[in-house]
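Everything below belongs to target_16.csv, which stores CSV, C-alpha atoms and all ligand atoms.
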chain,number,residue,atom,x,y,z
S,1,MET,CA,-4.8,-14.3,2.8
S,2,LYS,CA,-2.7,-14.1,5.9
S,3,ILE,CA,0.4,-12.0,5.7
S,4,LEU,CA,3.0,-12.3,8.5
S,5,VAL,CA,5.7,-9.7,8.7
S,6,LEU,CA,9.0,-10.4,10.4
S,7,ASN,CA,10.4,-6.9,11.2
S,8,GLY,CA,14.1,-7.3,11.7
S,9,SER,CA,14.9,-3.7,12.6
S,10,PRO,CA,16.4,-3.0,16.1
S,11,ARG,CA,14.2,0.2,15.9
S,12,GLY,CA,11.1,-1.9,15.6
S,13,ALA,CA,7.9,0.1,15.2
S,14,ALA,CA,9.9,3.4,15.3
S,15,GLY,CA,12.0,2.4,12.3
S,16,ASN,CA,12.1,3.3,8.6
S,17,THR,CA,11.4,-0.3,7.7
S,18,GLU,CA,8.1,-0.1,9.5
S,19,ARG,CA,7.3,3.1,7.5
S,20,MET,CA,7.5,0.9,4.4
S,21,VAL,CA,5.5,-2.0,5.9
S,22,GLN,CA,2.6,-0.1,7.4
S,23,PRO,CA,1.1,1.4,4.2
S,24,PHE,CA,1.7,-1.9,2.3
S,25,LEU,CA,-0.3,-3.7,5.0
S,26,GLU,CA,-3.0,-1.1,4.9
S,27,GLY,CA,-3.4,-1.7,1.2
S,28,ALA,CA,-3.4,-5.5,1.8
S,29,ARG,CA,-6.1,-5.2,4.5
S,30,SER,CA,-8.3,-3.0,2.2
S,31,ALA,CA,-8.3,-6.0,-0.2
S,32,GLY,CA,-9.3,-8.4,2.5
S,33,ALA,CA,-6.0,-9.7,3.9
S,34,GLU,CA,-5.3,-10.5,7.6
S,35,THR,CA,-2.0,-9.1,8.7
S,36,GLU,CA,0.3,-9.4,11.7
S,37,ILE,CA,3.8,-8.1,12.5
S,38,LEU,CA,6.4,-9.8,14.7
S,39,TYR,CA,9.0,-7.4,16.0
S,40,VAL,CA,12.1,-9.6,16.2
S,41,LYS,CA,13.8,-7.2,18.6
S,42,ASP,CA,11.1,-8.0,21.2
S,43,LEU,CA,11.4,-11.8,20.9
S,44,LYS,CA,13.7,-14.1,22.7
S,45,ILE,CA,15.2,-16.2,19.9
S,46,GLY,CA,18.5,-18.0,20.5
S,47,PHE,CA,21.0,-18.7,17.7
S,48,CYS,CA,20.8,-22.0,15.9
S,49,LYS,CA,23.2,-24.4,17.7
S,50,GLY,CA,24.1,-26.4,14.6
S,51,CYS,CA,23.3,-29.6,16.5
S,52,PHE,CA,20.9,-31.0,13.8
S,53,ALA,CA,18.7,-32.4,16.6
S,54,CYS,CA,15.8,-31.0,14.6
S,55,TRP,CA,16.7,-33.4,11.8
S,56,THR,CA,17.7,-36.4,14.0
S,57,ALA,CA,16.7,-36.8,17.7
S,58,THR,CA,13.5,-34.7,17.5
S,59,PRO,CA,12.6,-34.4,13.8
S,60,GLY,CA,10.9,-31.1,13.1
S,61,ARG,CA,11.5,-29.7,16.6
S,62,CYS,CA,14.4,-27.6,17.8
S,63,VAL,CA,16.0,-28.4,21.2
S,64,GLN,CA,15.6,-24.7,22.3
S,65,ARG,CA,12.3,-23.6,23.9
S,66,ASP,CA,11.9,-19.9,23.2
S,67,ASP,CA,9.8,-17.5,21.1
S,68,MET,CA,10.8,-19.4,17.9
S,69,ASP,CA,8.1,-22.0,18.8
S,70,MET,CA,5.5,-19.3,18.5
S,71,ALA,CA,7.1,-17.7,15.4
S,72,LEU,CA,7.2,-21.1,13.6
S,73,GLU,CA,3.5,-21.7,14.4
S,74,LYS,CA,2.6,-18.4,12.9
S,75,MET,CA,4.8,-19.0,9.9
S,76,ASP,CA,3.0,-22.3,9.3
S,77,ALA,CA,-0.4,-20.5,9.4
S,78,ALA,CA,0.7,-17.7,7.1
S,79,ASP,CA,0.2,-17.6,3.3
S,80,THR,CA,2.9,-14.9,2.9
S,81,LEU,CA,6.0,-14.2,5.0
S,82,LEU,CA,7.3,-10.6,4.5
S,83,TRP,CA,10.9,-10.4,5.5
S,84,ALA,CA,11.4,-6.8,6.5
S,85,THR,CA,14.9,-5.5,7.3
S,86,PRO,CA,17.1,-2.4,7.2
S,87,LEU,CA,20.2,-3.1,5.2
S,88,TYR,CA,23.1,-3.8,7.6
S,89,HIS,CA,26.5,-4.3,6.0
S,90,PHE,CA,24.9,-5.2,2.7
S,91,GLY,CA,22.7,-7.8,4.2
S,92,MET,CA,19.8,-8.4,6.6
S,93,THR,CA,20.2,-7.7,10.3
S,94,ALA,CA,21.8,-10.4,12.5
S,95,MET,CA,18.6,-10.8,14.5
S,96,LEU,CA,16.5,-11.5,11.3
S,97,LYS,CA,19.2,-13.9,10.0
S,98,ALA,CA,19.0,-15.7,13.4
S,99,VAL,CA,15.2,-16.2,12.8
S,100,MET,CA,15.9,-17.5,9.3
S,101,GLU,CA,18.5,-20.0,10.5
S,102,ARG,CA,16.0,-21.3,13.1
S,103,THR,CA,13.6,-22.4,10.4
S,104,LEU,CA,15.8,-25.4,9.8
S,105,PRO,CA,13.2,-27.8,11.5
S,106,LEU,CA,10.9,-27.1,8.6
S,107,ALA,CA,13.3,-28.8,6.2
S,108,ASP,CA,13.9,-32.4,5.5
S,109,PRO,CA,17.6,-33.4,5.8
S,110,HIS,CA,17.8,-35.3,2.5
S,111,ILE,CA,19.4,-33.6,-0.4
S,112,VAL,CA,17.4,-33.7,-3.6
S,113,LYS,CA,18.0,-32.3,-7.1
S,114,SER,CA,15.3,-30.0,-8.2
S,115,GLY,CA,15.9,-28.8,-11.8
S,116,ASP,CA,19.5,-27.7,-11.8
S,117,VAL,CA,19.7,-27.0,-8.0
S,118,TYR,CA,20.4,-29.3,-5.0
S,119,THR,CA,18.2,-28.6,-2.0
S,120,HIS,CA,16.5,-29.8,1.1
S,121,PRO,CA,12.8,-30.4,0.5
S,122,GLY,CA,10.1,-29.2,3.0
S,123,ARG,CA,9.3,-31.7,5.8
S,124,SER,CA,6.4,-33.9,4.7
S,125,GLY,CA,3.0,-32.3,4.9
S,126,ARG,CA,4.4,-28.8,5.4
S,127,ARG,CA,3.4,-26.1,3.1
S,128,PHE,CA,5.8,-23.1,2.7
S,129,PRO,CA,4.4,-19.6,2.7
S,130,GLN,CA,5.3,-17.3,-0.2
S,131,TYR,CA,8.1,-14.9,0.5
S,132,LEU,CA,8.2,-11.1,0.1
S,133,LEU,CA,11.2,-8.9,0.9
S,134,PHE,CA,11.3,-5.3,2.0
S,135,SER,CA,14.5,-3.4,2.8
S,136,ASN,CA,15.7,0.1,3.2
S,137,CYS,CA,19.2,1.6,3.5
S,138,GLY,CA,21.0,4.8,4.3
S,139,PHE,CA,22.9,5.2,1.1
S,140,PRO,CA,21.1,6.7,-1.9
S,141,ASP,CA,21.8,4.0,-4.6
S,142,GLN,CA,19.9,0.8,-5.3
S,143,GLY,CA,23.2,-1.0,-5.9
S,144,HIS,CA,23.5,-1.4,-2.1
S,145,PHE,CA,20.8,-4.1,-2.2
S,146,ASP,CA,22.6,-6.4,-4.7
S,147,GLY,CA,23.9,-8.8,-2.1
S,148,LEU,CA,20.5,-9.0,-0.3
S,149,ARG,CA,18.7,-9.5,-3.6
S,150,ALA,CA,21.2,-12.3,-4.6
S,151,HIS,CA,20.7,-14.0,-1.2
S,152,PHE,CA,16.9,-14.1,-1.6
S,153,GLN,CA,17.2,-15.2,-5.2
S,154,SER,CA,19.2,-18.2,-4.0
S,155,LEU,CA,16.6,-19.0,-1.4
S,156,ALA,CA,13.9,-18.8,-4.0
S,157,LYS,CA,15.8,-21.0,-6.4
S,158,ALA,CA,16.5,-23.6,-3.6
S,159,SER,CA,12.8,-23.7,-2.5
S,160,GLY,CA,11.6,-24.3,-6.1
S,161,GLU,CA,8.1,-23.4,-5.0
S,162,HIS,CA,8.6,-19.7,-4.5
S,163,GLY,CA,9.5,-18.5,-7.9
S,164,ALA,CA,11.0,-15.0,-8.0
S,165,ILE,CA,10.5,-13.3,-4.6
S,166,PRO,CA,9.0,-9.8,-5.0
S,167,ALA,CA,11.4,-7.3,-3.4
S,168,VAL,CA,10.8,-3.7,-2.5
S,169,PHE,CA,14.0,-1.7,-1.8
S,170,ARG,CA,14.1,1.8,-0.5
S,171,ALA,CA,17.5,3.6,-0.9
S,172,ALA,CA,17.9,6.8,1.2
S,173,GLY,CA,15.4,5.3,3.6
S,174,GLU,CA,16.3,7.7,6.4
S,175,LEU,CA,14.1,10.2,4.5
S,176,LEU,CA,11.0,8.3,5.4
S,177,ARG,CA,11.1,9.6,9.0
S,178,GLN,CA,11.3,13.3,8.0
S,179,GLU,CA,7.9,14.7,8.7
S,180,GLU,CA,8.6,18.0,6.7
S,181,LEU,CA,9.3,15.9,3.6
S,182,ARG,CA,6.1,13.9,3.9
S,183,PRO,CA,3.8,16.0,1.7
S,184,HIS,CA,6.5,15.8,-1.1
S,185,ILE,CA,6.8,12.0,-0.9
S,186,GLN,CA,3.2,11.1,-0.3
S,187,TRP,CA,3.3,9.5,-3.8
S,188,TYR,CA,5.7,6.9,-2.3
S,189,PHE,CA,3.5,5.9,0.6
S,190,ASP,CA,0.5,5.8,-1.8
S,191,ALA,CA,2.5,3.4,-4.1
S,192,LEU,CA,3.2,1.1,-1.1
S,193,ARG,CA,-0.6,1.0,-0.3
S,194,GLN,CA,-1.3,0.2,-4.0
S,195,ALA,CA,1.4,-2.6,-3.9
S,196,GLY,CA,-0.4,-4.2,-0.9
S,197,LYS,CA,-3.7,-4.1,-2.6
S,198,GLU,CA,-2.3,-5.5,-5.8
S,199,TYR,CA,-0.4,-8.2,-4.0
S,200,VAL,CA,-3.7,-9.5,-2.4
S,201,GLU,CA,-5.8,-9.1,-5.5
S,202,HIS,CA,-3.4,-10.4,-8.1
S,203,GLY,CA,-0.8,-12.4,-6.2
S,204,GLY,CA,2.0,-9.9,-7.1
S,205,ILE,CA,3.0,-6.3,-7.5
S,206,SER,CA,2.7,-4.8,-11.0
S,207,GLY,CA,5.7,-3.6,-12.9
S,208,GLU,CA,4.2,-0.1,-13.0
S,209,THR,CA,3.9,0.1,-9.2
S,210,MET,CA,7.4,-1.4,-8.7
S,211,GLU,CA,8.8,1.3,-11.0
S,212,VAL,CA,7.3,4.0,-8.8
S,213,LEU,CA,8.5,2.3,-5.6
S,214,HIS,CA,12.1,2.4,-6.9
S,215,ARG,CA,12.2,6.0,-7.9
S,216,ASP,CA,14.5,8.4,-6.0
S,217,LEU,CA,12.7,10.3,-3.3
S,218,VAL,CA,14.9,13.4,-3.7
S,219,LEU,CA,17.9,14.4,-5.7
S,220,ARG,CA,20.9,12.3,-4.6
S,221,GLU,CA,23.2,15.3,-4.3
S,222,MET,CA,20.7,17.0,-2.0
S,223,TYR,CA,20.3,13.9,0.1
S,224,ILE,CA,24.1,13.5,0.6
S,225,SER,CA,24.6,17.2,1.5
S,226,ARG,CA,21.7,17.1,4.0
S,227,ALA,CA,22.9,13.8,5.5
S,228,ASN,CA,26.4,15.2,5.9
S,229,ALA,CA,25.1,18.4,7.4
S,230,HIS,CA,23.1,16.4,9.8
S,231,TRP,CA,26.1,14.4,11.0
S,232,ASP,CA,28.2,17.6,11.3
S,233,SER,CA,25.5,19.3,13.5
S,234,VAL,CA,25.2,16.2,15.7
S,235,LEU,CA,29.0,16.0,16.1
S,236,LYS,CA,29.2,19.7,16.8
S,237,GLY,CA,26.5,19.4,19.4
S,238,LYS,CA,28.6,17.0,21.3
Y,1,LIG,C1,25.2,-1.5,11.9
Y,1,LIG,C2,24.6,-0.8,10.7
Y,1,LIG,C3,25.0,-1.2,9.4
Y,1,LIG,C4,24.4,-0.5,8.3
Y,1,LIG,N1,24.8,-0.9,7.0
Y,1,LIG,C5,24.4,-0.2,5.9
Y,1,LIG,C6,24.8,-0.6,4.6
Y,1,LIG,O1,25.5,-1.5,4.4
Y,1,LIG,N2,24.3,0.2,3.6
Y,1,LIG,C7,23.5,1.3,3.8
Y,1,LIG,O2,23.1,1.9,2.8
Y,1,LIG,N3,23.0,1.6,5.0
Y,1,LIG,C8,23.5,0.9,6.1
Y,1,LIG,N4,23.0,1.2,7.4
Y,1,LIG,C9,22.0,2.3,7.5
Y,1,LIG,C10,20.5,1.7,7.7
Y,1,LIG,O3,20.2,0.7,6.7
Y,1,LIG,C11,19.5,2.8,7.7
Y,1,LIG,O4,19.8,3.7,8.8
Y,1,LIG,C12,18.1,2.4,7.7
Y,1,LIG,O5,17.3,3.4,7.4
Y,1,LIG,C13,17.6,1.9,9.1
Y,1,LIG,O6,16.3,1.4,9.0
Y,1,LIG,P1,15.4,1.1,10.3
Y,1,LIG,O7,15.0,2.5,10.8
Y,1,LIG,O8,14.2,0.4,9.9
Y,1,LIG,O9,16.2,0.4,11.3
Y,1,LIG,C14,23.5,0.6,8.5
Y,1,LIG,C15,23.2,0.9,9.8
Y,1,LIG,C16,23.7,0.3,10.9
Y,1,LIG,C17,23.3,0.7,12.3

Would you put the structure from the file into structure tokens?
Amino acid sequence: MKILVLNGSPRGAAGNTERMVQPFLEGARSAGAETEILYVKDLKIGFCKGCFACWTATPGRCVQRDDMDMALEKMDAADTLLWATPLYHFGMTAMLKAVMERTLPLADPHIVKSGDVYTHPGRSGRRFPQYLLFSNCGFPDQGHFDGLRAHFQSLAKASGEHGAIPAVFRAAGELLRQEELRPHIQWYFDALRQAGKEYVEHGGISGETMEVLHRDLVLREMYISRANAHWDSVLKGK
């Protein structure tokens, strides 16, 4: 199984999103998967121009020559595409959304009804990878991910083939970078490793592991008071 990660954090390999992705990939590799990460911040990927040339003049090919050519090739070769993003204004980052919009050449322009949804089917001969979604955010409650979850549910419904997209959400994600906390939250990184292993071995993440992955890392009140103290000290330092 080939797993391709699209890391949409502007912090790239230094970010909290990466701290979720790495143990998951370790677990996946231990079960035999091949893994690769594309850091979107390091790629040159223009915005979709909305010209529809990829559906008309040059079917299946965008008019822009940039790193999206390489990214689409890798997506084509992957069995699983892991969309990994910090939560920005209740959604994915703009740079990751730009990548998603540039996948338009993979779709056929015709509108078809599949079950109770209208959709564009995949261009003939193209096989879509399975989707996975990882996100972390600064606020301590899971409710912040509702919009992102709904977005990916719509994508899954429209694709017909994906079924439900497994999603791992980490509230209070800024805690993942705090080294002094690490021994106390090792259970979380272990659960990510377990999730990667399960995903490769069973094609999904068990309910038991998902439950662990969505537990609070620390008491919310403690998190909020520490976060506010951090901002106060930064502001005072200025
Ligand atoms: C522009 C911007 C928008 C953000 N929007 C949200 C948000 O809507 N909800 C939230 O809980 N955190 C929000 N955050 C906080 C990030 O999700 C958080 O810092 C996260 O841990 C960053 O992950 P990364 O290190 O992988 O980039 C935002 C941060 C920035 C810079």

Within 12 Å of range 46-59 of chain S, which residues of range 63-172 of chain S come that close, and what is the closest atom pair and distance in Å for each? Count only C-alpha atoms and give it as a tab-separated table.
residue	atom	partner	partner_atom	distance
S:Val63	CA	S:Ala53	CA	6.7
S:Gln64	CA	S:Gly46	CA	7.5
S:Arg65	CA	S:Gly46	CA	9.0
S:Asp66	CA	S:Gly46	CA	7.4
S:Asp67	CA	S:Gly46	CA	8.7
S:Met68	CA	S:Gly46	CA	8.2
S:Asp69	CA	S:Gly46	CA	11.3
S:Ala94	CA	S:Phe47	CA	9.8
S:Met95	CA	S:Phe47	CA	8.9
S:Leu96	CA	S:Phe47	CA	10.6
S:Lys97	CA	S:Phe47	CA	9.3
S:Ala98	CA	S:Phe47	CA	5.6
S:Val99	CA	S:Phe47	CA	8.0
S:Met100	CA	S:Cys48	CA	9.4
S:Glu101	CA	S:Cys48	CA	6.2
S:Arg102	CA	S:Cys48	CA	5.6
S:Thr103	CA	S:Cys48	CA	9.1
S:Leu104	CA	S:Cys54	CA	7.4
S:Pro105	CA	S:Cys54	CA	5.2
S:Leu106	CA	S:Cys54	CA	8.7
S:Ala107	CA	S:Trp55	CA	8.0
S:Asp108	CA	S:Trp55	CA	7.0
S:Pro109	CA	S:Trp55	CA	6.1
S:His110	CA	S:Trp55	CA	9.6
S:His120	CA	S:Trp55	CA	11.3
S:Gly122	CA	S:Trp55	CA	11.8
S:Arg123	CA	S:Pro59	CA	9.1
S:Ser124	CA	S:Pro59	CA	11.0

re CA of Gly15 in chain S and atom O5 of ligand LIG 1 (chain Y): distance 7.3 Å

What lies within 8 Å of range 177-184 of chain S using only C-alpha atoms, ignoring chain neighbours under 3 positions off, as a compact mmCIF listing (two decimals) with C-alpha atoms, in the frame of the given file?
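File written: out.txt
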# COMPACT_ATOMS: atom_id res chain seq x y z
CA GLY S 15 12.00 2.40 12.30
CA ASN S 16 12.10 3.30 8.60
CA ARG S 19 7.30 3.10 7.50
CA GLU S 174 16.30 7.70 6.40
CA TRP S 187 3.30 9.50 -3.80

As JSON, numbers by chain, please: the residues near Val168 in chain S (cut-off 12 Å, only C-alpha atoms, same-chain neighbours under 5 positions excluded).
{"S": [17, 20, 21, 24, 82, 83, 84, 85, 86, 131, 132, 133, 134, 135, 136, 137, 142, 145, 148, 149, 173, 188, 191, 192, 195, 196, 204, 205, 206, 207, 209, 210, 211, 212, 213, 214, 215]}

Within 10 Å of (-0.9, -3.1, 5.0) (file coordinates; all atoms listed in the file), which protein or nucleic acid residues are there? I'd like them as a PDB file with C-alpha atoms, in the frame of the given file.
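Now in point-v5.pdb:
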ATOM      1  CA  ILE S   3       0.400 -12.000   5.700  1.00  0.00           C
ATOM      2  CA  MET S  20       7.500   0.900   4.400  1.00  0.00           C
ATOM      3  CA  VAL S  21       5.500  -2.000   5.900  1.00  0.00           C
ATOM      4  CA  GLN S  22       2.600  -0.100   7.400  1.00  0.00           C
ATOM      5  CA  PRO S  23       1.100   1.400   4.200  1.00  0.00           C
ATOM      6  CA  PHE S  24       1.700  -1.900   2.300  1.00  0.00           C
ATOM      7  CA  LEU S  25      -0.300  -3.700   5.000  1.00  0.00           C
ATOM      8  CA  GLU S  26      -3.000  -1.100   4.900  1.00  0.00           C
ATOM      9  CA  GLY S  27      -3.400  -1.700   1.200  1.00  0.00           C
ATOM     10  CA  ALA S  28      -3.400  -5.500   1.800  1.00  0.00           C
ATOM     11  CA  ARG S  29      -6.100  -5.200   4.500  1.00  0.00           C
ATOM     12  CA  SER S  30      -8.300  -3.000   2.200  1.00  0.00           C
ATOM     13  CA  ALA S  31      -8.300  -6.000  -0.200  1.00  0.00           C
ATOM     14  CA  ALA S  33      -6.000  -9.700   3.900  1.00  0.00           C
ATOM     15  CA  GLU S  34      -5.300 -10.500   7.600  1.00  0.00           C
ATOM     16  CA  THR S  35      -2.000  -9.100   8.700  1.00  0.00           C
ATOM     17  CA  GLU S  36       0.300  -9.400  11.700  1.00  0.00           C
ATOM     18  CA  LEU S 192       3.200   1.100  -1.100  1.00  0.00           C
ATOM     19  CA  ARG S 193      -0.600   1.000  -0.300  1.00  0.00           C
ATOM     20  CA  GLN S 194      -1.300   0.200  -4.000  1.00  0.00           C
ATOM     21  CA  ALA S 195       1.400  -2.600  -3.900  1.00  0.00           C
ATOM     22  CA  GLY S 196      -0.400  -4.200  -0.900  1.00  0.00           C
ATOM     23  CA  LYS S 197      -3.700  -4.100  -2.600  1.00  0.00           C
TER      24      LYS S 197
END
